$ cat work_18.cif   # mmCIF, C-alpha atoms
data_entry
loop_
_atom_site.label_atom_id
_atom_site.label_comp_id
_atom_site.auth_asym_id
_atom_site.auth_seq_id
_atom_site.Cartn_x
_atom_site.Cartn_y
_atom_site.Cartn_z
CA GLU B 1 12.38 16.82 5.71
CA GLU B 2 13.54 16.55 2.09
CA ARG B 3 13.87 12.77 2.43
CA ILE B 4 10.37 12.49 3.94
CA GLU B 5 9.03 14.45 0.96
CA GLN B 6 10.88 12.10 -1.40
CA LEU B 7 9.49 9.08 0.48
CA THR B 8 5.99 10.53 0.28
CA SER B 9 6.39 10.98 -3.48
CA PHE B 10 7.72 7.43 -3.80
CA VAL B 11 4.71 6.03 -1.90
CA GLU B 12 2.28 8.06 -4.01
CA GLU B 13 3.92 6.82 -7.21
CA HIS B 14 4.48 3.17 -6.27
CA GLY B 15 1.77 2.50 -3.66
CA HIS B 16 4.27 1.18 -1.10
CA CYS B 17 7.30 2.22 0.92
CA LYS B 18 9.62 -0.71 0.20
CA ILE B 19 12.62 1.24 -1.03
CA PRO B 20 15.13 -0.76 -3.09
CA LEU B 21 18.69 -0.38 -1.82
CA ARG B 22 19.70 0.61 -5.35
CA HIS B 23 17.25 3.54 -5.44
CA PRO B 24 19.36 6.60 -6.37
CA GLN B 25 17.93 9.06 -3.82
CA LEU B 26 16.45 6.86 -1.12
CA GLY B 27 18.48 3.62 -1.04
CA ASN B 28 21.22 4.82 1.31
CA PHE B 29 18.71 6.78 3.39
CA SER B 30 16.55 3.67 3.87
CA SER B 31 19.56 1.59 4.82
CA THR B 32 20.63 4.19 7.40
CA ILE B 33 17.10 4.41 8.85
CA ARG B 34 16.94 0.63 9.20
CA GLN B 35 20.29 0.61 10.99
CA ARG B 36 19.14 3.40 13.37
CA TYR B 37 15.90 1.49 13.99
CA LYS B 38 17.85 -1.67 14.84
CA GLU B 39 20.02 0.34 17.26
CA ARG B 40 16.91 1.79 18.93
CA GLU B 41 15.45 -1.70 19.28
CA GLU B 42 18.67 -2.73 21.01
CA GLY B 43 18.28 0.18 23.45
CA LYS B 44 21.04 2.33 21.97
CA LYS B 45 20.53 6.08 21.69
CA ASN B 46 20.83 7.61 18.22
CA SER B 47 19.53 10.36 15.96
CA LEU B 48 16.26 8.61 14.97
CA SER B 49 13.67 10.66 16.85
CA ASP B 50 10.19 9.54 17.88
CA GLU B 51 8.77 12.18 15.53
CA ARG B 52 10.75 10.82 12.56
CA MET B 53 9.74 7.25 13.49
CA SER B 54 6.10 8.35 13.51
CA GLN B 55 6.43 9.98 10.08
CA LEU B 56 8.01 6.83 8.67
CA VAL B 57 5.38 4.55 10.21
CA ASP B 58 2.63 6.74 8.72
CA LEU B 59 4.19 6.21 5.29
CA GLY B 60 4.35 2.44 5.78
CA PHE B 61 8.14 2.37 5.92
CA VAL B 62 9.56 -1.15 6.22
CA PHE B 63 12.05 -0.99 9.10
CA GLU B 64 13.10 -4.62 8.84
CA ALA B 65 14.08 -5.65 5.32
CA GLY B 66 12.05 -8.58 4.06
CA LYS B 67 9.12 -7.74 6.34
CA SER B 68 5.76 -6.36 5.32
CA PRO B 69 4.91 -2.89 6.58
CA ASN B 70 2.35 -2.46 9.32
CA PHE B 71 -0.38 -0.69 7.39
CA ARG B 72 -2.85 -1.23 10.25
CA SER B 73 -1.35 1.84 11.89
CA ARG B 74 -2.89 4.02 9.20
CA LYS B 75 -6.31 5.61 9.45
CA LYS B 76 -9.04 3.23 8.35
CA MET B 77 -10.59 4.51 5.15
CA SER B 78 -14.18 3.96 4.12
CA TRP B 79 -15.13 1.83 1.12
CA GLY B 80 -15.96 5.01 -0.81
CA GLU B 81 -12.58 6.57 0.00
CA ARG B 82 -10.74 3.45 -1.19
CA TYR B 83 -12.92 3.38 -4.32
CA GLU B 84 -11.89 6.99 -5.03
CA GLU B 85 -8.27 5.97 -4.49
CA LEU B 86 -8.80 3.15 -7.01
CA LEU B 87 -10.18 5.67 -9.52
CA GLU B 88 -7.04 7.78 -9.02
CA PHE B 89 -4.92 4.67 -9.57
CA LYS B 90 -6.81 3.97 -12.82
CA GLU B 91 -6.34 7.57 -13.97
CA GLU B 92 -2.60 7.30 -13.38
CA HIS B 93 -1.98 3.74 -14.61
CA GLY B 94 -4.77 3.16 -17.13
CA HIS B 95 -6.06 0.04 -15.38
CA VAL B 96 -7.28 -1.20 -12.00
CA ILE B 97 -4.96 -4.18 -11.56
CA VAL B 98 -3.41 -3.14 -8.25
CA PRO B 99 -0.71 -5.48 -6.91
CA GLN B 100 -2.07 -7.04 -3.72
CA ASN B 101 1.21 -6.51 -1.86
CA SER B 102 1.50 -2.84 -2.78
CA GLY B 103 0.08 -1.35 0.39
CA PRO B 104 -3.34 -0.36 1.66
CA LEU B 105 -4.98 -0.10 -1.77
CA GLY B 106 -3.63 -3.51 -2.77
CA THR B 107 -4.96 -5.02 0.44
CA TRP B 108 -8.35 -3.39 -0.19
CA VAL B 109 -8.45 -4.80 -3.74
CA LYS B 110 -7.74 -8.28 -2.39
CA GLU B 111 -10.54 -7.82 0.18
CA GLN B 112 -12.95 -6.85 -2.63
CA ARG B 113 -12.15 -10.03 -4.53
CA THR B 114 -12.59 -12.14 -1.41
CA GLY B 115 -15.85 -10.38 -0.54
CA TYR B 116 -17.17 -10.89 -4.06
CA ARG B 117 -16.38 -14.63 -3.97
CA LYS B 118 -18.18 -14.95 -0.64
CA MET B 119 -21.18 -12.98 -1.90
CA LYS B 120 -21.41 -15.17 -5.02
CA ALA B 121 -21.23 -18.29 -2.81
CA GLY B 122 -24.09 -17.00 -0.65
CA GLU B 123 -21.84 -16.46 2.36
CA LYS B 124 -21.84 -13.44 4.65
CA SER B 125 -19.80 -10.68 3.00
CA PRO B 126 -19.29 -6.92 3.15
CA MET B 127 -19.60 -6.93 -0.66
CA THR B 128 -22.95 -5.76 -2.01
CA THR B 129 -24.43 -5.91 -5.48
CA GLU B 130 -24.13 -2.11 -5.68
CA LYS B 131 -20.43 -2.16 -4.80
CA ALA B 132 -19.77 -5.00 -7.26
CA LEU B 133 -21.55 -3.05 -9.99
CA LYS B 134 -19.54 0.11 -9.29
CA LEU B 135 -16.32 -1.89 -9.45
CA SER B 136 -17.38 -3.68 -12.64
CA GLU B 137 -18.16 -0.36 -14.32
CA ILE B 138 -14.52 0.73 -14.01
CA GLY B 139 -13.11 -2.58 -15.26
CA PHE B 140 -12.39 -4.25 -11.93
CA VAL B 141 -11.38 -7.89 -12.32
CA PHE B 142 -12.89 -9.98 -9.55
CA ASP B 143 -10.96 -13.13 -10.45
CA ALA B 144 -7.29 -12.12 -10.52
CA SER B 145 -6.40 -15.16 -12.63
CA ASP B 146 -8.76 -13.83 -15.36
CA ARG B 147 -6.63 -10.74 -15.91
CA TRP B 148 -4.15 -12.82 -17.92
CA ASN B 149 -6.93 -14.29 -20.09
CA LYS B 150 -8.48 -10.88 -20.78
CA GLY B 151 -5.19 -9.12 -21.47
CA ASN B 152 -5.46 -6.77 -18.47
#
$ encode --input "work_18.cif" --output "structure tokens"
Amino acid sequence: EERIEQLTSFVEEHGHCKIPLRHPQLGNFSSTIRQRYKEREEGKKNSLSDERMSQLVDLGFVFEAGKSPNFRSRKKMSWGERYEELLEFKEEHGHVIVPQNSGPLGTWVKEQRTGYRKMKAGEKSPMTTEKALKLSEIGFVFDASDRWNKGN
């Protein structure tokens, strides 16, 4: 349970569950979990329980190194919930430049940029003027390449 708490803290801090092997508390743990997962996939019995697997999946744990986590298994959050999560990110980091590969929030940010481009092009899009305005008000950068030009 201590390791799950540490993983949860890591995910909250970094926005993903891709633990570097050199991480002081979680590197060896992650390596062991991946080995146990591989054994399970090969049909071998081991100490990795279904309950522990479920906890790790919920956190977005990457069982196969080099693979992206399956974030689709998580509960789908509303636009407003993700927006609130973005506000929390801004509070913590001082900006809203979320790496696109950093988990569910990063994926959502990428979707907002794509939706905005479609809306501006007159294509069907879940982005609305109201949503775009809300995002603009907190400093959201719709063109990720602009962040370098604006110093964000």
$ closest_residue --input "work_18.cif" --among "B:Arg22, B:Arg82, B:Arg3, B:Lys38" --to "B:Thr107" --atoms "only C-alpha atoms"
B:Arg82
$ closest_residue --input "work_18.cif" --among "B:Thr114, B:Ser54, B:Ser47, B:Gln100" --to "B:Ile4" --atoms "only C-alpha atoms"
B:Ser54
$ atom_distance --input "work_18.cif" --atom1 "atom CA of B:Tyr83" --atom2 "atom CA of B:Gly122"
23.5 Å
$ residues_around --input "work_18.cif" --residues "B:Leu105" --least-positions-apart "3" --cutoff "9 Å" --atoms "all atoms listed in the file" --output "short mmCIF file (atom, residue, chain, number, x, y, z; two decimals) with C-alpha atoms, keeping the file's coordinate frame"
data_model
loop_
_atom_site.label_atom_id
_atom_site.label_comp_id
_atom_site.auth_asym_id
_atom_site.auth_seq_id
_atom_site.Cartn_x
_atom_site.Cartn_y
_atom_site.Cartn_z
CA GLY B 15 1.77 2.50 -3.66
CA ARG B 82 -10.74 3.45 -1.19
CA GLU B 85 -8.27 5.97 -4.49
CA LEU B 86 -8.80 3.15 -7.01
CA VAL B 98 -3.41 -3.14 -8.25
CA PRO B 99 -0.71 -5.48 -6.91
CA GLN B 100 -2.07 -7.04 -3.72
CA ASN B 101 1.21 -6.51 -1.86
CA SER B 102 1.50 -2.84 -2.78
CA TRP B 108 -8.35 -3.39 -0.19
CA VAL B 109 -8.45 -4.80 -3.74
CA LYS B 110 -7.74 -8.28 -2.39
#
$ resolve_selection --input "work_18.cif" --expression "the PyMOL selection byres ((chain B and resi 96) around 12)" --output "PyMOL selection string"
chain B and resi 83-95+97-100+105-106+109-110+135-142+144+147+152
$ residues_around --input "work_18.cif" --residues "B:Glu5" --least-positions-apart "2" --cutoff "12 Å" --atoms "all atoms listed in the file" --output "number ranges by chain"
B: 1-3, 7-12, 25-26, 55-56, 59
$ closest_residue --input "work_18.cif" --among "B:Met127, B:Ile33, B:Met119, B:Leu133" --to "B:Ile19" --atoms "all atoms listed in the file"
B:Ile33
$ atom_distance --input "work_18.cif" --atom1 "atom CA of B:Ser49" --atom2 "atom CA of B:Tyr37"
9.9 Å
$ closest_residue --input "work_18.cif" --among "B:Glu123, B:Lys45, B:Val57, B:Gln6" --to "B:His23" --atoms "only C-alpha atoms"
B:Gln6
$ atom_distance --input "work_18.cif" --atom1 "atom CA of B:Val62" --atom2 "atom CA of B:Lys44"
19.8 Å
$ closest_residue --input "work_18.cif" --among "B:Glu111, B:Glu64, B:Glu130, B:Glu81" --to "B:Ser30" --atoms "all atoms listed in the file"
B:Glu64
